[in-house]
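Novice: Below: one structure in structure tokens.
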Amino acid sequence: MNFLNTCRKISKEASETLSTSTSEEVGENPLGQKTMKVDVDLERVILNELKKQACIVASEEMGLKSFSKSPKHLFVVDPLDASENYKRGMKSYVLGIARARPGSRLCGVEEAYIYDFITGDEFYSHKGKGAWRNEREMRASEIKDISEAILAIDFYRPGAKPVSDSTRAKALKYSKDIRRYGPALLEMAYVACGSLEGYLNLNMTLSTVHACGPALMKHAGCIVTNEKGEELEFGLENVNEYFTIVAGANREIHEKMLEIARG
């Protein structure tokens with residue numbers, strides 16, 4: 001299959017669907033989050049296209065579903081990352097899709113795709129071949145001094161594990177500035193393309209459906225680990241698996257990010 005062309009077709013149809021859907025709550029997903037009509041509508045668009053392949057799909061709203069007795073592909077999907085932004089009328093939310101072989105873990109993601117519904121920007125990567133933003137090759141930032149770095153940090157979310165005050169203080173003290181957009185996938189894409197130097201989330205609020213984010217950063221040459229500095233790794237077929245992440249554009253920034261994470 002041509003993954004990129006498939007994703008582009010999905011993003012076009014999803015954008016059209018987004019313009020006519022609503023934030024009406026219609027249920028709850030496997031992660032225990034409120035499901036809006038727009039979440040269901042977007043997932044339907046995505047599945048209608050992906051199920052043409054012999055595949056298994058892991059999605060935020062549906063969970064895990066097989067569309068073939070002999071699947072060749074595993075797709076991990078987040079139809080609308082930053083649903084809360086959409087609900088509140090804040091113009092920042094994205095679509096994310098990763099492709100791997102059935103039974104794979106994060107290291108097995110072959111291709112990753114993130115689409116910004118608002119700007120139309122697309123971020124795409126292929127393991128071992130590189131990463132691109134709107135068809136232009138992208139590279140992680142070369143800034144190595146943390147005092148010149150702009151970081152994306154998810155400090156807290158109601159019901160999640162809070163970040164310590166010392167971690168907050170270090171983040172504010174060490175970096176040049178902090179940006180927070182809302183969609184974790186967009187923030188990770190900005191690290192991959194060099195717009196940001198690092199991304200930090202210690203709250204265990206990221207699940208398997210966000211797999212295209214760390215995959216994109218890794219394919220772009222970033223350093224991506226958990227808060228202990230260990231290789232970030234998790235299975236792709238359980239949408240209820242959560243992870244922490246410390247990502248830096250390069251080794252120097254990543255080492256300082258780990259210091260921030262330790263508080």
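Residue numbering restarts at 1 in every chain; chains get A, B, ... in the order shown in the structure tokens, and ligands count up from 1 in that same order.
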For Lys228 of chain A, find every residue with an atom within 10 Å (counting only C-alpha atoms), except residues of its own chain fewer than 4 positions away, and show them as a list in words.

Specialist: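 Here the answer would be Leu232, Thr244, Ile245, Val246, Leu258, Glu259, Ala261 and Arg262 of chain A.
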
Novice: Give me, as a short mmCIF file (atom, residue, chain, number, x, y, z; two decimals) with N, CA and C atoms, in the first residue's frame, all polymer residues having an atom no more than 7 Å from Asp78 of chain A, counting only C-alpha atoms and skipping those fewer than 5 positions away in the same chain.

Specialist:
data_model
loop_
_atom_site.label_atom_id
_atom_site.label_comp_id
_atom_site.auth_asym_id
_atom_site.auth_seq_id
_atom_site.Cartn_x
_atom_site.Cartn_y
_atom_site.Cartn_z
N SER A 59 -7.52 2.05 17.74
CA SER A 59 -7.99 3.44 17.72
C SER A 59 -8.52 3.86 19.07
N GLU A 60 -8.48 5.16 19.33
CA GLU A 60 -8.86 5.70 20.63
C GLU A 60 -10.31 5.41 20.99
N LEU A 95 -4.74 15.00 13.56
CA LEU A 95 -4.99 13.59 13.28
C LEU A 95 -3.64 12.87 13.29
N GLY A 96 -3.60 11.66 13.85
CA GLY A 96 -2.36 10.91 13.85
C GLY A 96 -2.56 9.45 13.47
N ILE A 97 -1.68 8.91 12.60
CA ILE A 97 -1.76 7.52 12.17
C ILE A 97 -0.34 6.95 12.08
N VAL A 209 -2.31 5.08 21.41
CA VAL A 209 -2.83 5.74 20.21
C VAL A 209 -1.97 6.93 19.80
N HIS A 210 -1.06 7.38 20.67
CA HIS A 210 -0.16 8.48 20.35
C HIS A 210 1.16 7.98 19.75
#

Novice: What's the separation between atom CA of Lys65 of chain A and atom CA of Phe243 of chain A, in Å to one decimal place?

Specialist: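 If I compute the distance from atom CA of Lys65 of chain A to atom CA of Phe243 of chain A, I get 21.8 Å.
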
Novice: Just list the residues in segment 30-212 of chain A DSSP gives helix (DSSP H, G or I) on the backbone, as a ChimeraX atom specification.

Specialist: /A:37-50,83-88,106-108,146-148,165-174,184-192,208-210,212

Novice: Quick one: write out the picked residues with N, CA and C atoms as a compact mmCIF listing (two decimals), in the first residue's frame?

Specialist:
# COMPACT_ATOMS: atom_id res chain seq x y z
N LYS A 37 -19.43 13.34 19.30
CA LYS A 37 -19.88 12.91 17.97
C LYS A 37 -18.77 13.06 16.96
N VAL A 38 -17.99 14.12 17.06
CA VAL A 38 -16.91 14.36 16.11
C VAL A 38 -15.87 13.24 16.18
N ASP A 39 -15.61 12.71 17.37
CA ASP A 39 -14.66 11.60 17.51
C ASP A 39 -15.13 10.39 16.73
N VAL A 40 -16.41 10.07 16.88
CA VAL A 40 -17.00 8.92 16.20
C VAL A 40 -17.02 9.13 14.69
N ASP A 41 -17.40 10.33 14.26
CA ASP A 41 -17.49 10.63 12.84
C ASP A 41 -16.11 10.53 12.16
N LEU A 42 -15.10 11.06 12.81
CA LEU A 42 -13.75 11.02 12.23
C LEU A 42 -13.22 9.60 12.19
N GLU A 43 -13.46 8.85 13.25
CA GLU A 43 -13.00 7.46 13.28
C GLU A 43 -13.65 6.66 12.15
N ARG A 44 -14.91 6.92 11.89
CA ARG A 44 -15.62 6.21 10.81
C ARG A 44 -14.97 6.49 9.47
N VAL A 45 -14.63 7.74 9.22
CA VAL A 45 -13.96 8.12 7.97
C VAL A 45 -12.65 7.37 7.82
N ILE A 46 -11.88 7.34 8.89
CA ILE A 46 -10.57 6.69 8.86
C ILE A 46 -10.70 5.19 8.63
N LEU A 47 -11.60 4.56 9.36
CA LEU A 47 -11.77 3.11 9.24
C LEU A 47 -12.29 2.72 7.87
N ASN A 48 -13.16 3.52 7.29
CA ASN A 48 -13.69 3.21 5.96
C ASN A 48 -12.58 3.12 4.92
N GLU A 49 -11.50 3.87 5.14
CA GLU A 49 -10.38 3.83 4.21
C GLU A 49 -9.37 2.73 4.58
N LEU A 50 -9.04 2.64 5.86
CA LEU A 50 -8.02 1.67 6.28
C LEU A 50 -8.48 0.22 6.13
N SER A 83 -9.09 16.79 21.64
CA SER A 83 -10.55 16.91 21.54
C SER A 83 -11.07 18.06 22.40
N GLU A 84 -10.40 18.28 23.55
CA GLU A 84 -10.83 19.35 24.45
C GLU A 84 -10.70 20.72 23.77
N ASN A 85 -9.66 20.89 22.96
CA ASN A 85 -9.51 22.14 22.20
C ASN A 85 -10.70 22.32 21.25
N TYR A 86 -11.04 21.25 20.55
CA TYR A 86 -12.18 21.32 19.62
C TYR A 86 -13.45 21.70 20.37
N LYS A 87 -13.67 21.05 21.51
CA LYS A 87 -14.87 21.30 22.30
C LYS A 87 -14.95 22.74 22.76
N ARG A 88 -13.80 23.34 23.08
CA ARG A 88 -13.77 24.71 23.61
C ARG A 88 -13.63 25.76 22.51
N LEU A 106 6.70 -0.25 19.62
CA LEU A 106 6.97 1.09 19.11
C LEU A 106 8.13 1.10 18.11
N CYS A 107 9.18 0.35 18.39
CA CYS A 107 10.34 0.33 17.51
C CYS A 107 9.99 -0.23 16.13
N GLY A 108 8.84 -0.90 16.02
CA GLY A 108 8.44 -1.50 14.76
C GLY A 108 7.59 -0.60 13.89
N ILE A 146 20.46 24.46 26.64
CA ILE A 146 19.08 24.44 27.14
C ILE A 146 18.55 25.84 27.42
N SER A 147 19.44 26.78 27.71
CA SER A 147 18.99 28.15 27.99
C SER A 147 18.49 28.85 26.73
N GLU A 148 18.78 28.28 25.56
CA GLU A 148 18.30 28.83 24.30
C GLU A 148 17.15 28.00 23.73
N ASP A 165 6.70 20.20 42.02
CA ASP A 165 7.02 21.62 41.95
C ASP A 165 8.46 21.84 41.50
N SER A 166 9.36 20.95 41.91
CA SER A 166 10.77 21.11 41.55
C SER A 166 10.97 20.90 40.05
N THR A 167 10.20 19.99 39.46
CA THR A 167 10.28 19.79 38.02
C THR A 167 9.77 21.02 37.29
N ARG A 168 8.66 21.57 37.75
CA ARG A 168 8.13 22.79 37.17
C ARG A 168 9.16 23.92 37.24
N ALA A 169 9.78 24.06 38.42
CA ALA A 169 10.74 25.15 38.63
C ALA A 169 11.95 25.00 37.71
N LYS A 170 12.45 23.77 37.57
CA LYS A 170 13.61 23.55 36.70
C LYS A 170 13.28 23.84 35.25
N ALA A 171 12.09 23.42 34.84
CA ALA A 171 11.69 23.66 33.45
C ALA A 171 11.66 25.15 33.13
N LEU A 172 11.12 25.93 34.05
CA LEU A 172 11.02 27.36 33.85
C LEU A 172 12.38 28.05 33.96
N LYS A 173 13.24 27.51 34.82
CA LYS A 173 14.55 28.11 35.04
C LYS A 173 15.52 27.78 33.92
N TYR A 174 15.51 26.53 33.46
CA TYR A 174 16.49 26.07 32.48
C TYR A 174 16.25 26.60 31.07
N ALA A 184 -0.76 16.76 21.91
CA ALA A 184 0.57 16.20 22.17
C ALA A 184 1.27 15.84 20.87
N LEU A 185 0.50 15.32 19.92
CA LEU A 185 1.10 14.90 18.65
C LEU A 185 1.68 16.09 17.89
N LEU A 186 1.02 17.23 17.95
CA LEU A 186 1.53 18.41 17.26
C LEU A 186 2.81 18.89 17.92
N GLU A 187 2.85 18.87 19.24
CA GLU A 187 4.04 19.30 19.95
C GLU A 187 5.22 18.38 19.64
N MET A 188 4.95 17.08 19.55
CA MET A 188 6.02 16.14 19.20
C MET A 188 6.46 16.35 17.75
N ALA A 189 5.52 16.68 16.87
CA ALA A 189 5.87 16.96 15.47
C ALA A 189 6.76 18.19 15.38
N TYR A 190 6.50 19.20 16.23
CA TYR A 190 7.31 20.41 16.22
C TYR A 190 8.73 20.14 16.73
N VAL A 191 8.88 19.16 17.62
CA VAL A 191 10.22 18.78 18.05
C VAL A 191 10.93 18.07 16.89
N ALA A 192 10.21 17.21 16.20
CA ALA A 192 10.78 16.47 15.08
C ALA A 192 11.28 17.39 13.97
N THR A 208 -1.13 4.34 23.86
CA THR A 208 -0.65 3.73 22.62
C THR A 208 -1.10 4.47 21.37
N VAL A 209 -2.31 5.08 21.41
CA VAL A 209 -2.83 5.74 20.21
C VAL A 209 -1.97 6.93 19.80
N HIS A 210 -1.06 7.38 20.67
CA HIS A 210 -0.16 8.48 20.35
C HIS A 210 1.16 7.98 19.75
N CYS A 212 2.38 7.48 16.88
CA CYS A 212 3.01 8.14 15.73
C CYS A 212 3.88 9.31 16.17

Novice: With distances taken over only C-alpha atoms, which of A:Met204, A:Leu4, A:Val94, A:Leu64 is nearest to Lys161 of chain A?

Specialist: A:Met204

Novice: Here is a test: counting only C-alpha atoms, which residue of A:Gly213, A:Gly120, A:Gly221, A:Gly263 is nearest to Gly194 of chain A?

Specialist: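 Once distances to Gly194 of chain A are computed over only C-alpha atoms, the minimum belongs to A:Gly221.
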
Novice: Work out how far apart atom CA of His73 of chain A and atom CA of Gly235 of chain A are and give it in Å to one decimal.

Specialist: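 Spanning atom CA of His73 of chain A to atom CA of Gly235 of chain A is a straight-line distance of 14.5 Å.
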
Novice: Find the spatial neighbours of Ile56 of chain A, counting only C-alpha atoms, within a cut-off of 10 Å - ignore same-chain residues fewer than 5 positions away - and output them as JSON, numbers by chain.

Specialist: {"A": [50, 51, 64, 65, 66, 67, 68, 69, 70, 71, 72, 73, 74, 75, 76, 100, 101, 102, 103, 237]}

Novice: Need the shell around Phe117 of chain A: protein/DNA/RNA residues with any atom at most 9 Å away, counting only C-alpha atoms. Skip same-chain ones fewer than 3 positions apart. Format as a ChimeraX atom specification?

Specialist: /A:11,14-15,18,91-95,120-121

Novice: Check the smallest atom-to-atom distance from each of A:Asp81, A:Glu61, A:Glu137, A:Glu241 to Gln33 of chain A using only C-alpha atoms, then report the winner.

Specialist: A:Glu61

Novice: Under the rule that only C-alpha atoms are counted, which of A:Val26, A:Ala54, A:Ile153, A:Met138 is the nearest residue to Gly182 of chain A?

Specialist: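 Using only C-alpha atoms, the shortest distance to Gly182 of chain A belongs to A:Ile153.
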
Novice: Under the rule that only C-alpha atoms are counted, which of A:Gly128, A:Ile10, A:Ser175, A:Ala140 is the nearest residue to Ile223 of chain A?

Specialist: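 Under the stated criterion, the closest residue is A:Ala140.
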
Novice: What is the distance, in Å and to one decimal place, between atom CA of Gly248 of chain A and atom CA of Asp154 of chain A?

Specialist: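 Atom-to-atom, atom CA of Gly248 of chain A to atom CA of Asp154 of chain A, that is 14.5 Å.
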
Novice: Write out as a ChimeraX atom specification all residues of segment 83-258 of chain A that DSSP puts in strand (DSSP E or B) for this structure's backbone.

Specialist: /A:94-100,105,111-116,122-126,130-133,136-137,150-154,177-179,198-207,223-225,231,235,242-248

Novice: Write a file of the just-selected residues containing C-alpha atoms, as a tab-separated table (two decimals), in the first residue's frame.

Specialist:
chain	number	residue	atom	x	y	z
A	94	VAL	CA	-4.66	17.06	14.76
A	95	LEU	CA	-4.99	13.59	13.28
A	96	GLY	CA	-2.36	10.91	13.85
A	97	ILE	CA	-1.76	7.52	12.17
A	98	ALA	CA	1.12	5.04	12.50
A	99	ARG	CA	1.76	1.91	10.43
A	100	ALA	CA	3.54	-1.22	11.63
A	105	ARG	CA	6.11	-2.60	19.41
A	111	GLU	CA	5.67	5.06	8.94
A	112	ALA	CA	4.11	7.89	10.94
A	113	TYR	CA	1.76	10.65	9.84
A	114	ILE	CA	0.39	13.71	11.67
A	115	TYR	CA	-2.01	16.17	10.05
A	116	ASP	CA	-2.84	19.61	11.46
A	122	GLU	CA	1.43	17.36	7.35
A	123	PHE	CA	4.33	15.63	9.07
A	124	TYR	CA	5.43	12.27	7.68
A	125	SER	CA	8.28	9.89	8.45
A	126	HIS	CA	9.55	6.55	7.20
A	130	GLY	CA	13.84	10.23	7.04
A	131	ALA	CA	11.07	12.68	7.92
A	132	TRP	CA	9.30	15.47	6.05
A	133	ARG	CA	7.08	18.45	6.72
A	136	ARG	CA	10.36	19.16	2.65
A	137	GLU	CA	12.88	17.12	4.59
A	150	ILE	CA	11.96	26.31	23.72
A	151	LEU	CA	10.25	23.30	25.24
A	152	ALA	CA	6.76	21.80	25.19
A	153	ILE	CA	5.82	20.47	28.62
A	154	ASP	CA	2.58	18.90	29.77
A	177	ASP	CA	10.61	29.56	27.00
A	178	ILE	CA	7.79	27.02	27.08
A	179	ARG	CA	5.07	26.43	24.50
A	198	GLY	CA	12.12	19.18	23.60
A	199	TYR	CA	8.90	17.57	24.76
A	200	LEU	CA	8.12	16.30	28.26
A	201	ASN	CA	5.10	14.41	29.60
A	202	LEU	CA	5.39	12.61	32.95
A	203	ASN	CA	1.68	12.42	33.73
A	204	MET	CA	0.90	9.04	32.17
A	205	THR	CA	-1.74	10.73	30.01
A	206	LEU	CA	-0.31	9.48	26.71
A	207	SER	CA	-1.50	6.11	25.46
A	223	ILE	CA	16.44	11.21	21.44
A	224	VAL	CA	13.29	9.67	22.91
A	225	THR	CA	13.15	7.86	26.28
A	231	GLU	CA	14.52	3.44	25.54
A	235	GLY	CA	3.18	-2.66	22.47
A	242	TYR	CA	0.16	4.48	28.94
A	243	PHE	CA	3.68	5.90	28.85
A	244	THR	CA	5.82	8.81	29.98
A	245	ILE	CA	8.16	10.53	27.56
A	246	VAL	CA	11.25	12.70	27.62
A	247	ALA	CA	12.29	13.79	24.13
A	248	GLY	CA	15.14	16.05	23.08

Novice: Which residue gives the smallest distance to Ala211 of chain A among A:Leu196, A:Ala249, A:Met90, A:Val77, with only C-alpha atoms counted?

Specialist: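 Looking at the shortest contact to Ala211 of chain A, the residue is A:Val77.
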